[in-house]
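Structure file upload15.txt with compact mmCIF, C-alpha atoms:
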# COMPACT_ATOMS: atom_id res chain seq x y z
CA MET N 179 -0.02 28.16 -0.63
CA GLN N 180 1.14 29.78 -3.86
CA THR N 181 3.15 32.33 -1.86
CA ILE N 182 4.85 29.50 0.03
CA ARG N 183 5.50 27.59 -3.19
CA SER N 184 7.09 30.66 -4.78
CA ALA N 185 9.24 31.41 -1.74
CA ILE N 186 10.64 27.86 -1.63
CA ALA N 187 11.28 27.96 -5.37
CA GLU N 188 13.14 31.23 -4.97
CA ALA N 189 15.39 29.66 -2.34
CA ALA N 190 16.80 27.65 -5.27
CA GLY N 191 18.61 25.10 -3.14
CA SER N 192 19.92 27.59 -0.55
CA PRO N 193 19.31 26.82 3.13
CA TYR N 194 15.93 28.01 4.42
CA TRP N 195 13.52 27.65 7.33
CA LEU N 196 9.95 26.39 7.23
CA ALA N 197 8.68 28.43 10.16
CA ASP N 198 5.58 27.69 12.24
CA ALA N 199 4.91 24.21 10.92
CA ARG N 200 2.76 21.56 12.56
CA ILE N 201 4.18 18.03 12.51
CA ILE N 202 2.89 14.86 14.13
CA GLN N 203 5.00 13.95 17.16
CA ASP N 204 4.09 11.28 19.69
CA GLY N 205 0.56 11.07 18.37
CA ALA N 206 -0.16 14.80 18.53
CA LEU N 207 0.39 17.89 16.41
CA ALA N 208 3.40 19.93 17.53
CA ARG N 209 4.41 23.37 16.25
CA VAL N 210 8.05 23.61 15.22
CA ASP N 211 10.46 25.33 12.87
CA ILE N 212 12.18 23.13 10.28
CA ARG N 213 15.60 23.90 8.83
CA ILE N 214 16.21 22.65 5.26
CA GLU N 215 19.83 22.51 4.12
CA ASP N 216 21.78 20.45 1.60
CA ARG N 217 18.64 18.55 0.51
CA ARG N 218 18.01 17.34 4.06
CA ILE N 219 16.24 18.28 7.25
CA ALA N 220 19.06 19.98 9.11
CA ALA N 221 17.12 20.64 12.32
CA LEU N 222 13.75 20.48 14.03
CA ALA N 223 13.69 23.47 16.35
CA PRO N 224 11.18 24.92 18.84
CA LEU N 225 8.63 27.33 17.41
CA GLY N 226 10.13 30.80 17.20
CA THR N 227 13.70 29.65 16.58
CA ALA N 228 13.67 30.74 12.95
CA THR N 229 14.32 34.40 12.32
CA GLY N 230 12.46 35.15 9.14
CA GLY N 231 12.12 32.06 7.00
CA ILE N 232 9.06 30.88 5.09
CA SER N 233 6.05 30.91 7.39
CA LEU N 234 3.55 28.08 7.04
CA ASP N 235 1.21 29.87 9.45
CA GLY N 236 0.63 26.68 11.41
CA GLY N 237 0.08 24.47 8.36
CA GLN N 238 0.91 20.79 8.62
CA VAL N 239 4.03 19.10 7.24
CA TRP N 240 4.01 15.34 6.61
CA PRO N 241 6.83 13.10 5.42
CA GLY N 242 6.71 11.59 1.93
CA LEU N 243 4.17 8.76 2.09
CA VAL N 244 4.67 5.02 1.61
CA ASP N 245 2.17 2.78 -0.22
CA GLY N 246 2.99 -0.77 0.81
CA HIS N 247 0.40 -2.76 -1.16
CA THR N 248 -0.64 -2.00 -4.75
CA HIS N 249 -1.27 -3.87 -8.01
CA LEU N 250 0.35 -1.79 -10.72
CA ASP N 251 0.15 -4.56 -13.31
CA LYS N 252 -3.67 -4.49 -13.10
CA GLY N 253 -4.00 -0.72 -12.80
CA HIS N 254 -6.29 1.30 -15.09
CA ILE N 255 -7.74 -1.58 -17.11
CA TRP N 256 -11.30 -0.71 -16.04
CA PRO N 257 -12.20 1.15 -19.26
CA ARG N 258 -11.58 -1.98 -21.34
CA MET N 259 -12.47 -4.64 -18.74
CA LYS N 260 -15.13 -3.69 -16.21
CA ASN N 261 -16.44 -5.77 -13.33
CA ALA N 262 -20.06 -6.34 -14.29
CA THR N 263 -21.14 -7.45 -10.81
CA GLY N 264 -18.77 -5.38 -8.64
CA ASP N 265 -18.01 -8.39 -6.43
CA PHE N 266 -14.92 -10.51 -5.85
CA ALA N 267 -15.87 -13.26 -8.28
CA GLY N 268 -16.57 -10.69 -10.98
CA ALA N 269 -13.19 -9.07 -10.37
CA ILE N 270 -11.30 -12.33 -10.73
CA ALA N 271 -13.14 -13.27 -13.93
CA ALA N 272 -12.57 -9.84 -15.49
CA VAL N 273 -8.86 -9.70 -14.65
CA MET N 274 -8.28 -13.23 -15.92
CA ALA N 275 -9.92 -12.31 -19.23
CA ASP N 276 -7.94 -9.09 -19.61
CA ARG N 277 -4.67 -10.69 -18.57
CA GLY N 278 -5.01 -13.40 -21.17
CA ALA N 279 -6.00 -11.05 -23.96
CA ALA N 280 -4.03 -7.85 -23.51
CA TRP N 281 -1.12 -7.99 -21.06
CA THR N 282 1.93 -7.45 -23.20
CA ALA N 283 5.16 -5.95 -21.88
CA GLU N 284 4.28 -2.63 -23.53
CA ASP N 285 0.75 -2.58 -22.12
CA ILE N 286 1.88 -3.35 -18.55
CA ALA N 287 4.74 -0.85 -18.65
CA ALA N 288 2.57 1.99 -19.95
CA ARG N 289 -0.15 1.52 -17.35
CA ALA N 290 2.27 1.02 -14.45
CA ASP N 291 4.31 4.07 -15.40
CA PHE N 292 1.11 6.15 -15.56
CA ALA N 293 0.21 4.99 -12.04
CA LEU N 294 3.68 5.77 -10.72
CA ARG N 295 3.52 9.28 -12.16
CA ALA N 296 0.24 9.86 -10.35
CA ALA N 297 1.64 8.56 -7.05
CA TYR N 298 4.75 10.68 -7.47
CA ALA N 299 2.77 13.87 -8.04
CA HIS N 300 0.67 13.14 -4.95
CA GLY N 301 3.79 12.85 -2.75
CA THR N 302 4.45 9.10 -2.49
CA VAL N 303 8.11 8.12 -2.09
CA ALA N 304 7.88 4.30 -2.01
CA ILE N 305 5.53 1.65 -3.38
CA ARG N 306 5.29 -2.13 -3.28
CA SER N 307 3.41 -3.72 -6.16
CA HIS N 308 2.11 -7.26 -6.21
CA ILE N 309 2.62 -8.87 -9.61
CA ASP N 310 0.33 -11.57 -10.95
CA SER N 311 2.85 -14.40 -11.24
CA TYR N 312 1.41 -17.02 -13.54
CA LEU N 313 3.66 -18.80 -15.99
CA PRO N 314 4.50 -18.06 -18.71
CA LEU N 315 3.38 -14.40 -18.33
CA ALA N 316 5.50 -13.88 -15.21
CA ARG N 317 8.63 -14.30 -17.34
CA THR N 318 7.58 -11.13 -19.16
CA THR N 319 6.11 -9.10 -16.29
CA TRP N 320 8.94 -9.34 -13.77
CA PRO N 321 11.58 -7.93 -16.15
CA VAL N 322 9.18 -5.08 -16.99
CA PHE N 323 8.95 -4.14 -13.32
CA ALA N 324 12.70 -4.48 -12.85
CA GLU N 325 13.13 -1.91 -15.63
CA LEU N 326 10.53 0.37 -14.05
CA ARG N 327 12.30 0.10 -10.69
CA ALA N 328 15.57 1.21 -12.28
CA ARG N 329 13.90 4.02 -14.21
CA TRP N 330 12.14 5.34 -11.11
CA ALA N 331 15.10 5.05 -8.74
CA GLY N 332 15.61 8.31 -6.89
CA ARG N 333 11.95 9.28 -7.33
CA ILE N 334 9.95 6.31 -6.03
CA ALA N 335 11.48 3.27 -4.37
CA LEU N 336 9.63 0.48 -6.16
CA GLN N 337 9.41 -2.98 -4.63
CA MET N 338 7.75 -6.08 -6.07
CA SER N 339 6.04 -9.16 -4.67
CA SER N 340 4.61 -12.17 -6.44
CA ILE N 341 0.95 -13.09 -6.15
CA ALA N 342 -0.48 -16.45 -7.19
CA PRO N 343 -2.64 -19.03 -5.42
CA LEU N 344 -0.75 -21.12 -2.89
CA ASP N 345 -1.17 -24.32 -4.88
CA ARG N 346 0.72 -22.75 -7.80
CA PHE N 347 3.91 -22.98 -5.75
CA ALA N 348 3.86 -26.76 -5.58
CA GLY N 349 6.25 -28.66 -7.83
CA PRO N 350 8.59 -27.27 -10.51
CA GLU N 351 6.41 -24.21 -11.18
CA GLY N 352 6.89 -23.08 -7.58
CA ASP N 353 10.66 -23.36 -7.87
CA GLU N 354 10.67 -21.34 -11.08
CA LEU N 355 8.47 -18.64 -9.59
CA ALA N 356 10.61 -18.42 -6.45
CA ASP N 357 13.76 -18.24 -8.59
CA LEU N 358 12.18 -15.47 -10.66
CA VAL N 359 11.37 -13.48 -7.51
CA GLN N 360 14.88 -13.97 -6.16
CA LYS N 361 16.49 -12.96 -9.45
CA HIS N 362 14.57 -9.67 -9.49
CA GLY N 363 14.96 -8.85 -5.80
CA GLY N 364 11.31 -9.25 -4.81
CA ALA N 365 9.28 -10.67 -1.95
CA LEU N 366 7.60 -14.04 -2.27
CA GLY N 367 3.84 -13.67 -2.15
CA MET N 368 0.81 -15.87 -2.57
CA VAL N 369 -2.91 -15.77 -1.86
CA THR N 370 -5.06 -18.10 0.21
CA ARG N 371 -8.47 -18.44 -1.38
CA LEU N 372 -11.78 -20.24 -1.02
CA THR N 373 -10.54 -23.14 -3.13
CA GLY N 374 -7.23 -24.25 -1.70
CA GLY N 375 -7.54 -22.08 1.42
CA ILE N 376 -8.50 -22.76 5.01
CA HIS N 377 -11.99 -23.15 6.40
CA ALA N 378 -13.53 -24.48 9.59
CA ALA N 379 -11.84 -27.82 8.99
CA LEU N 380 -8.21 -27.58 7.91
CA PRO N 381 -7.79 -29.34 4.54
CA ALA N 382 -5.17 -32.02 4.78
CA GLU N 383 -3.22 -30.62 1.83
CA PHE N 384 -3.03 -27.04 3.10
CA GLN N 385 -0.31 -27.35 5.75
CA PRO N 386 2.13 -29.27 3.53
CA MET N 387 1.65 -26.67 0.79
CA LEU N 388 2.19 -23.86 3.30
CA ASP N 389 5.35 -25.46 4.67
CA HIS N 390 6.65 -25.94 1.14
CA PHE N 391 5.96 -22.30 0.35
CA PHE N 392 7.92 -21.23 3.44
CA SER N 393 10.77 -23.53 2.41
CA LEU N 394 10.97 -21.84 -1.01
CA ALA N 395 11.47 -18.50 0.71
CA GLU N 396 13.90 -19.84 3.30
CA ALA N 397 16.13 -21.46 0.68
CA ARG N 398 16.45 -18.12 -1.14
CA GLY N 399 16.45 -15.70 1.78
CA LEU N 400 13.19 -14.06 0.66
CA ASP N 401 10.69 -12.03 2.65
CA LEU N 402 6.99 -12.94 2.43
CA ASP N 403 4.03 -10.74 1.50
CA LEU N 404 0.73 -12.60 1.57
CA HIS N 405 -2.90 -12.01 0.64
CA VAL N 406 -4.82 -13.72 3.43
CA ASP N 407 -8.50 -14.43 4.17
CA GLU N 408 -9.83 -11.75 1.83
CA SER N 409 -13.46 -12.73 2.24
CA GLY N 410 -16.44 -12.60 4.55
CA GLU N 411 -16.22 -16.32 5.22
CA THR N 412 -15.88 -17.02 8.95
CA GLY N 413 -14.20 -20.31 8.11
CA ALA N 414 -11.37 -18.62 6.21
CA ARG N 415 -8.70 -19.02 8.86
CA ALA N 416 -5.37 -19.14 7.07
CA LEU N 417 -4.02 -16.14 9.00
CA ARG N 418 -3.64 -18.07 12.24
CA GLU N 419 -1.99 -21.02 10.49
CA ILE N 420 0.51 -18.73 8.76
CA ALA N 421 1.47 -17.18 12.11
CA LEU N 422 1.85 -20.57 13.79
CA THR N 423 3.90 -21.88 10.87
CA ALA N 424 6.24 -18.88 10.97
CA THR N 425 6.84 -19.39 14.70
CA ARG N 426 7.30 -23.14 14.41
CA ARG N 427 9.78 -22.77 11.56
CA LYS N 428 11.54 -19.79 13.22
CA PHE N 429 11.25 -17.94 9.94
CA LYS N 430 13.92 -15.23 9.81
CA GLY N 431 12.59 -12.98 7.04
CA ARG N 432 9.92 -10.30 7.19
CA ILE N 433 6.30 -11.34 6.78
CA GLN N 434 3.49 -8.99 5.83
CA CYS N 435 -0.11 -10.18 5.59
CA GLY N 436 -2.71 -8.14 3.74
CA HIS N 437 -6.51 -7.91 3.94
CA CYS N 438 -7.31 -10.47 6.72
CA CYS N 439 -10.96 -9.42 6.35
CA SER N 440 -12.64 -12.50 7.76
CA LEU N 441 -11.01 -12.02 11.18
CA SER N 442 -13.55 -9.33 12.04
CA LEU N 443 -16.40 -11.83 11.61
CA GLN N 444 -14.89 -14.65 13.65
CA PRO N 445 -15.56 -15.36 17.36
CA ASP N 446 -13.76 -12.97 19.70
CA GLU N 447 -11.80 -15.74 21.40
CA PHE N 448 -10.49 -17.08 18.11
CA ALA N 449 -9.67 -13.58 16.88
CA GLN N 450 -7.68 -12.82 20.02
CA GLU N 451 -5.79 -16.12 19.72
CA THR N 452 -4.97 -15.25 16.10
CA ILE N 453 -3.74 -11.77 17.02
CA ALA N 454 -1.57 -13.22 19.80
CA ALA N 455 -0.08 -15.69 17.31
CA LEU N 456 0.65 -12.86 14.87
CA ALA N 457 2.39 -10.87 17.60
CA GLU N 458 4.51 -13.86 18.61
CA ALA N 459 5.53 -14.43 14.98
CA GLY N 460 6.31 -10.72 14.41
CA ILE N 461 4.01 -10.49 11.41
CA ASP N 462 3.09 -7.08 9.98
CA ILE N 463 -0.45 -6.37 8.81
CA ILE N 464 -1.48 -4.14 5.94
CA VAL N 465 -5.10 -3.19 5.35
CA LEU N 466 -6.78 -1.89 2.20
CA PRO N 467 -9.95 -0.19 3.44
CA MET N 468 -11.21 1.40 0.23
CA CYS N 469 -10.92 -1.73 -1.89
CA ASN N 470 -12.24 -4.08 0.77
CA MET N 471 -15.29 -1.91 1.48
CA TYR N 472 -15.94 -1.81 -2.27
CA LEU N 473 -15.79 -5.60 -2.78
CA GLN N 474 -16.83 -7.26 0.45
CA ASP N 475 -20.45 -8.06 1.36
CA ARG N 476 -21.70 -6.91 -2.05
CA MET N 477 -24.94 -8.57 -3.11
CA PRO N 478 -27.39 -7.34 -5.75
CA GLY N 479 -30.24 -5.33 -4.26
CA ARG N 480 -28.95 -5.71 -0.69
CA THR N 481 -27.30 -3.06 1.45
CA PRO N 482 -23.89 -4.24 2.76
CA ARG N 483 -23.87 -5.15 6.44
CA TRP N 484 -20.15 -4.78 7.20
CA ARG N 485 -17.18 -2.75 6.04
CA GLY N 486 -14.99 -5.63 4.91
CA VAL N 487 -12.01 -4.64 7.06
CA THR N 488 -10.03 -6.36 9.78
CA LEU N 489 -9.42 -5.71 13.50
CA VAL N 490 -6.87 -2.93 13.23
CA HIS N 491 -7.39 -1.43 16.69
CA GLU N 492 -7.06 -4.78 18.42
CA MET N 493 -3.96 -5.58 16.37
CA ARG N 494 -2.28 -2.30 17.26
CA ALA N 495 -3.16 -2.77 20.92
CA ALA N 496 -1.32 -6.10 20.76
CA GLY N 497 1.81 -4.40 19.41
CA LEU N 498 1.45 -5.31 15.74
CA ARG N 499 2.65 -2.93 13.06
CA VAL N 500 -0.42 -2.03 10.98
CA SER N 501 -0.21 -0.15 7.68
CA LEU N 502 -2.77 1.30 5.29
CA ALA N 503 -2.42 1.15 1.50
CA SER N 504 -4.15 1.81 -1.81
CA ASP N 505 -4.47 -1.74 -3.19
CA ASN N 506 -6.08 -1.70 -6.64
CA THR N 507 -6.58 1.34 -8.88
CA ARG N 508 -9.23 1.63 -11.60
CA ASP N 509 -9.41 -2.08 -12.26
CA PRO N 510 -12.07 -4.77 -11.67
CA PHE N 511 -11.11 -5.10 -7.99
CA TYR N 512 -11.63 -1.36 -7.36
CA ALA N 513 -13.04 0.95 -9.98
CA TYR N 514 -11.59 4.13 -8.47
CA GLY N 515 -8.48 5.50 -6.77
CA ASP N 516 -5.38 7.35 -7.89
CA LEU N 517 -2.59 6.02 -5.64
CA ASP N 518 -3.03 9.07 -3.42
CA MET N 519 -2.10 8.13 0.13
CA VAL N 520 -3.74 11.30 1.42
CA GLU N 521 -7.04 9.94 0.09
CA VAL N 522 -6.29 6.53 1.59
CA TYR N 523 -5.68 7.99 5.05
CA ARG N 524 -8.67 10.32 4.86
CA GLU N 525 -11.05 7.50 3.88
CA ALA N 526 -9.47 5.03 6.31
CA THR N 527 -10.14 7.44 9.16
CA ARG N 528 -13.84 7.28 8.39
CA ILE N 529 -14.00 3.57 7.61
CA LEU N 530 -11.87 2.35 10.52
CA HIS N 531 -12.52 5.13 13.08
CA LEU N 532 -8.89 6.18 13.33
CA ASP N 533 -9.80 9.21 15.40
CA HIS N 534 -10.91 10.40 18.83
CA PRO N 535 -8.03 10.21 19.46
CA MET N 536 -6.03 10.23 16.23
CA GLY N 537 -2.94 9.10 18.10
CA ALA N 538 -0.13 7.71 15.96
CA TRP N 539 -2.32 6.44 13.11
CA PRO N 540 -0.69 8.76 10.53
CA ASP N 541 2.40 6.55 10.92
CA ALA N 542 0.37 3.84 9.14
CA VAL N 543 0.94 5.61 5.82
CA SER N 544 4.54 6.61 6.46
CA ALA N 545 6.96 5.22 9.04
CA ILE N 546 5.26 1.86 9.66
CA PRO N 547 5.02 0.66 6.03
CA ALA N 548 8.58 1.90 5.51
CA GLU N 549 9.74 -0.30 8.38
CA ALA N 550 7.72 -3.27 7.13
CA MET N 551 9.33 -2.86 3.70
CA GLY N 552 12.83 -2.51 5.13
CA LEU N 553 13.24 1.07 3.91
CA LYS N 554 15.56 3.02 6.17
CA GLY N 555 15.16 6.80 6.32
CA TYR N 556 11.68 6.83 4.77
CA GLY N 557 8.44 8.07 6.28
CA ARG N 558 9.84 10.19 9.12
CA ILE N 559 10.45 13.86 9.78
CA GLN N 560 13.71 13.91 11.66
CA ALA N 561 17.06 15.64 11.54
CA GLY N 562 19.29 14.11 8.88
CA ALA N 563 16.45 12.71 6.76
CA THR N 564 16.10 13.69 3.13
CA ALA N 565 13.69 16.63 2.90
CA ASP N 566 10.95 14.71 1.08
CA LEU N 567 7.96 16.47 2.59
CA ILE N 568 4.33 17.36 1.91
CA LEU N 569 3.11 20.79 2.98
CA PHE N 570 -0.56 21.45 3.73
CA SER N 571 -2.45 24.62 4.53
CA ALA N 572 -4.63 22.66 6.96
CA ARG N 573 -3.80 23.22 10.62
CA GLY N 574 -5.87 20.79 12.71
CA MET N 575 -6.91 17.31 11.64
CA THR N 576 -10.55 18.25 11.00
CA GLU N 577 -9.30 20.76 8.43
CA TRP N 578 -6.91 18.19 6.97
CA LEU N 579 -9.56 15.45 6.77
CA SER N 580 -12.36 17.62 5.43
CA ARG N 581 -10.83 18.47 2.05
CA PRO N 582 -8.79 16.55 -0.56
CA GLN N 583 -5.76 18.82 0.07
CA SER N 584 -5.44 19.41 -3.65
CA ASP N 585 -3.31 22.50 -3.02
CA ARG N 586 -0.61 20.52 -1.18
CA ILE N 587 3.03 21.32 -1.96
CA VAL N 588 5.28 18.32 -2.46
CA LEU N 589 8.96 18.80 -1.71
CA ARG N 590 11.60 16.40 -2.96
CA ALA N 591 15.03 16.91 -1.41
CA GLY N 592 13.85 20.30 -0.21
CA ARG N 593 12.75 21.59 -3.61
CA VAL N 594 9.25 22.05 -4.97
CA LEU N 595 8.15 19.11 -7.08
CA GLU N 596 6.64 20.41 -10.30
CA ALA N 597 5.27 17.04 -11.45
CA LYS N 598 1.67 17.15 -12.68
CA LEU N 599 -0.94 14.42 -12.53
CA PRO N 600 -1.03 12.56 -15.86
CA ASP N 601 -4.13 12.97 -18.03
CA TYR N 602 -6.27 9.83 -18.38
CA ARG N 603 -6.42 10.53 -22.11
CA GLU N 604 -2.85 9.28 -22.31
CA LEU N 605 -4.18 5.77 -21.71
CA ASP N 606 -6.80 5.84 -24.47
CA ALA N 607 -4.45 4.42 -27.10
CA VAL N 608 -3.01 1.89 -24.64
CA LEU N 609 -6.42 0.59 -23.62
CA GLY N 610 -7.97 0.89 -27.03
CA VAL N 611 -11.11 2.47 -25.55
CA SER N 612 -12.22 5.87 -24.30
CA PRO N 613 -13.38 6.91 -21.77
CA GLY N 614 -14.01 4.68 -18.72
Spit out the file's structure as structure tokens when you get a sec.
Amino acid sequence: MQTIRSAIAEAAGSPYWLADARIIQDGALARVDIRIEDRRIAALAPLGTATGGISLDGGQVWPGLVDGHTHLDKGHIWPRMKNATGDFAGAIAAVMADRGAAWTAEDIAARADFALRAAYAHGTVAIRSHIDSYLPLARTTWPVFAELRARWAGRIALQMSSIAPLDRFAGPEGDELADLVQKHGGALGMVTRLTGGIHAALPAEFQPMLDHFFSLAEARGLDLDLHVDESGETGARALREIALTATRRKFKGRIQCGHCCSLSLQPDEFAQETIAALAEAGIDIIVLPMCNMYLQDRMPGRTPRWRGVTLVHEMRAAGLRVSLASDNTRDPFYAYGDLDMVEVYREATRILHLDHPMGAWPDAVSAIPAEAMGLKGYGRIQAGATADLILFSARGMTEWLSRPQSDRIVLRAGRVLEAKLPDYRELDAVLGVSPG
């Protein structure tokens, strides 16, 4: 790979060919030659078209990857605020304590920028971060992320979504939060939870709150991005009600629902009805396999019985757009991770059985989240697209999935990206502790 890296660097912006590359086309690996010119993919040509060029010897080329669900405001707090129990309740308690004690504008900006630098070095081109939106802190956090978005423009397309329990959007606080999201160009997001969520019997107050939440978005022309049924409770059934509400209200914006874990534990008939309702409403689904497997079904001294993930194969079969994403990074909700979408896809393949056949599942970390986020020209290898690419020495998928691909070459606009992964020691002063 070093020879390839050097050859591309020597091209110094001149047109060149990436010869004998494997790309994913129509759910299979195809061997092609790729012409790079004027920062873009000038042509995808049949293998053997290039005369000379830089040979990849059958190595794979992927588009820049898209991470559609993260929590950059929480990222990397683990060293100073661990999750003592490793479960969902422990995560919530730890984050609440850290948020109240340490989340200044400087603290949030430093940790989020560190995370973005890691994602950038790994080859990510776009990220959506959910932002804990509790007043008064949200008045500080949203401007911080607006500044980060401007600073990172041209490197990573940064989007933001609010996250707060549904009941927080009732009354004047909901209007202020929705106005804050609109002002900063975000998506309106909330979370359904065990208290204030949906169970076997629909609480009388839930549907009015849900309709009010939709009305906040409709009045401001906002898309929705929701945390839904993130538990192993079979009675957690907000997902179906959200889909039915969107159809009944003829909601015109985009809707993305994340997690949806409990659906895999519910009766098959109910699950199929829910998936049909999602398809009718045009709702996109995003799943977070590493984080959900870490948190869900965790009990002291007991081996977990399920993987904590939703019905991705059934959803795709019904025509839903399904994405994969990182979720949390080194915080009480997930103690690990580095915003590396290669890791996410590799682990998701094992957790969710995205193989035999692989099919079009790689689109779940590239083209599909880009579409769900409204990002045109991202996540695809096609003529005319910016040459934001990731080059791998791996040829077949068993090679690709068997190693971390640490020797990957990231191209931005056709040139080798020299960005390095940031050292965790940079965060020692920010966190006030070392190491974690």
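Remark: for Ala316 in chain N, the closest of the candidate residues N:Glu351, N:Asp216, N:Asp345, N:Glu521 is N:Glu351 (distances computed over only C-alpha atoms).
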Which neighbours of Arg499 in chain N fall inside 7 Å, counting only C-alpha atoms, when residues of the same chain fewer than 6 positions from it are skipped, and could you give them as number ranges by chain? N: 462-463, 546
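Counting all atoms listed in the file, Ser409 in chain N has the following residues at most 8 Å away, ignoring those fewer than 6 positions along the same chain: Cys438, Cys439, Ser440, Gln474 and Gly486 of chain N.
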Would you mind exporting the chosen residues as a PDB file, in the coordinates of the input, restricted to C-alpha atoms?
ATOM      1  CA  CYS N 438      -7.310 -10.470   6.720  1.00  0.00           C
ATOM      2  CA  CYS N 439     -10.960  -9.420   6.350  1.00  0.00           C
ATOM      3  CA  SER N 440     -12.640 -12.500   7.760  1.00  0.00           C
ATOM      4  CA  GLN N 474     -16.830  -7.260   0.450  1.00  0.00           C
ATOM      5  CA  GLY N 486     -14.990  -5.630   4.910  1.00  0.00           C
TER       6      GLY N 486
END
What is the CA of Ala550 in chain N to CA of Val406 in chain N distance in Å? 16.7 Å
Axis-aligned box over every listed atom of range 284-295 of chain N, padded by 8 Å per side: centre and edges in Å to one decimal, as JSON?
{"center_x": 2.3, "center_y": 3.0, "center_z": -17.1, "size_x": 20.9, "size_y": 28.6, "size_z": 28.8}
Among listed residues N:Ala607, N:Met259, N:Ile464, N:Ala288, nearest Asp276 in chain N (using all atoms listed in the file): N:Met259
Write out as an mmCIF file with C-alpha atoms, keeping the file's coordinate frame which residues come within 9 Å of range 198-215 of chain N when counting all atoms listed in the file, dropping same-chain ones fewer than 2 positions away.
data_model
loop_
_atom_site.group_PDB
_atom_site.id
_atom_site.type_symbol
_atom_site.label_atom_id
_atom_site.label_comp_id
_atom_site.auth_asym_id
_atom_site.auth_seq_id
_atom_site.Cartn_x
_atom_site.Cartn_y
_atom_site.Cartn_z
ATOM 1 C CA GLY N 191 18.610 25.100 -3.140
ATOM 2 C CA SER N 192 19.920 27.590 -0.550
ATOM 3 C CA PRO N 193 19.310 26.820 3.130
ATOM 4 C CA TYR N 194 15.930 28.010 4.420
ATOM 5 C CA TRP N 195 13.520 27.650 7.330
ATOM 6 C CA LEU N 196 9.950 26.390 7.230
ATOM 7 C CA ARG N 217 18.640 18.550 0.510
ATOM 8 C CA ARG N 218 18.010 17.340 4.060
ATOM 9 C CA ILE N 219 16.240 18.280 7.250
ATOM 10 C CA ALA N 220 19.060 19.980 9.110
ATOM 11 C CA ALA N 221 17.120 20.640 12.320
ATOM 12 C CA LEU N 222 13.750 20.480 14.030
ATOM 13 C CA ALA N 223 13.690 23.470 16.350
ATOM 14 C CA PRO N 224 11.180 24.920 18.840
ATOM 15 C CA LEU N 225 8.630 27.330 17.410
ATOM 16 C CA GLY N 226 10.130 30.800 17.200
ATOM 17 C CA THR N 227 13.700 29.650 16.580
ATOM 18 C CA ALA N 228 13.670 30.740 12.950
ATOM 19 C CA ILE N 232 9.060 30.880 5.090
ATOM 20 C CA SER N 233 6.050 30.910 7.390
ATOM 21 C CA LEU N 234 3.550 28.080 7.040
ATOM 22 C CA ASP N 235 1.210 29.870 9.450
ATOM 23 C CA GLY N 236 0.630 26.680 11.410
ATOM 24 C CA GLY N 237 0.080 24.470 8.360
ATOM 25 C CA GLN N 238 0.910 20.790 8.620
ATOM 26 C CA VAL N 239 4.030 19.100 7.240
ATOM 27 C CA TRP N 240 4.010 15.340 6.610
ATOM 28 C CA PRO N 535 -8.030 10.210 19.460
ATOM 29 C CA MET N 536 -6.030 10.230 16.230
ATOM 30 C CA GLY N 537 -2.940 9.100 18.100
ATOM 31 C CA ALA N 538 -0.130 7.710 15.960
ATOM 32 C CA TRP N 539 -2.320 6.440 13.110
ATOM 33 C CA PRO N 540 -0.690 8.760 10.530
ATOM 34 C CA ASP N 541 2.400 6.550 10.920
ATOM 35 C CA ILE N 559 10.450 13.860 9.780
ATOM 36 C CA ALA N 561 17.060 15.640 11.540
ATOM 37 C CA ALA N 565 13.690 16.630 2.900
ATOM 38 C CA LEU N 569 3.110 20.790 2.980
ATOM 39 C CA ARG N 573 -3.800 23.220 10.620
ATOM 40 C CA GLY N 574 -5.870 20.790 12.710
ATOM 41 C CA MET N 575 -6.910 17.310 11.640
ATOM 42 C CA ALA N 591 15.030 16.910 -1.410
ATOM 43 C CA GLY N 592 13.850 20.300 -0.210
#
Show which residues sit within 12 Å of Gly332 in chain N, as a PyMOL selection string. Count all atoms listed in the file, and ignore same-chain residues fewer than 3 positions away. chain N and resi 298+303-304+326-329+335-336+564+566+590-591
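Of the listed residues (N:His491, N:Arg485, N:Arg295, N:Arg581), N:Arg485 comes nearest to Ile529 in chain N; the distances count only C-alpha atoms.
Minimum atom-to-atom distance to Leu595 in chain N, evaluated using only C-alpha atoms, belongs to N:Ala187 out of N:Val487, N:Val608, N:Ala187, N:Ala495.
When CA of Val322 in chain N is paired with CA of Ala290 in chain N, their separation reads 9.6 Å.
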Hey, can you check how far CA of Ala267 in chain N sits from CA of Leu609 in chain N? 22.7 Å
What lies within 7 Å of range 504-516 of chain N using all atoms listed in the file, ignoring chain neighbours under 5 positions off, as a VMD selection string? chain N and resid 245 247 to 249 252 to 256 260 to 261 266 269 272 to 273 296 466 469 472 522
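In terms of minimum interatomic distance to Gly610 in chain N, N:Ala280 ranks closest within N:Ala280, N:Ala542, N:Leu250, N:Met368, counting all atoms listed in the file.
Distances to Asp407 in chain N were evaluated for N:Thr488, N:Met468, N:Gly349, N:Pro482 using all atoms listed in the file, and the minimum falls at N:Thr488.
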Selection as a list of chain:residue names: residues within 12 Å of (0.6, 28.6, -3.7), counting only C-alpha atoms: N:Met179, N:Gln180, N:Thr181, N:Ile182, N:Arg183, N:Ser184, N:Ala185, N:Ile186, N:Ala187, N:Leu234, N:Leu569, N:Phe570, N:Ser571, N:Ser584, N:Asp585, N:Arg586, N:Ile587, N:Val588, N:Val594
For the point (8.0, -4.3, 4.2) in file coordinates, what residues are within 8 Å, counting all atoms listed in the file? Give the answer as a VMD selection string? chain N and resid 246 432 to 434 547 to 553
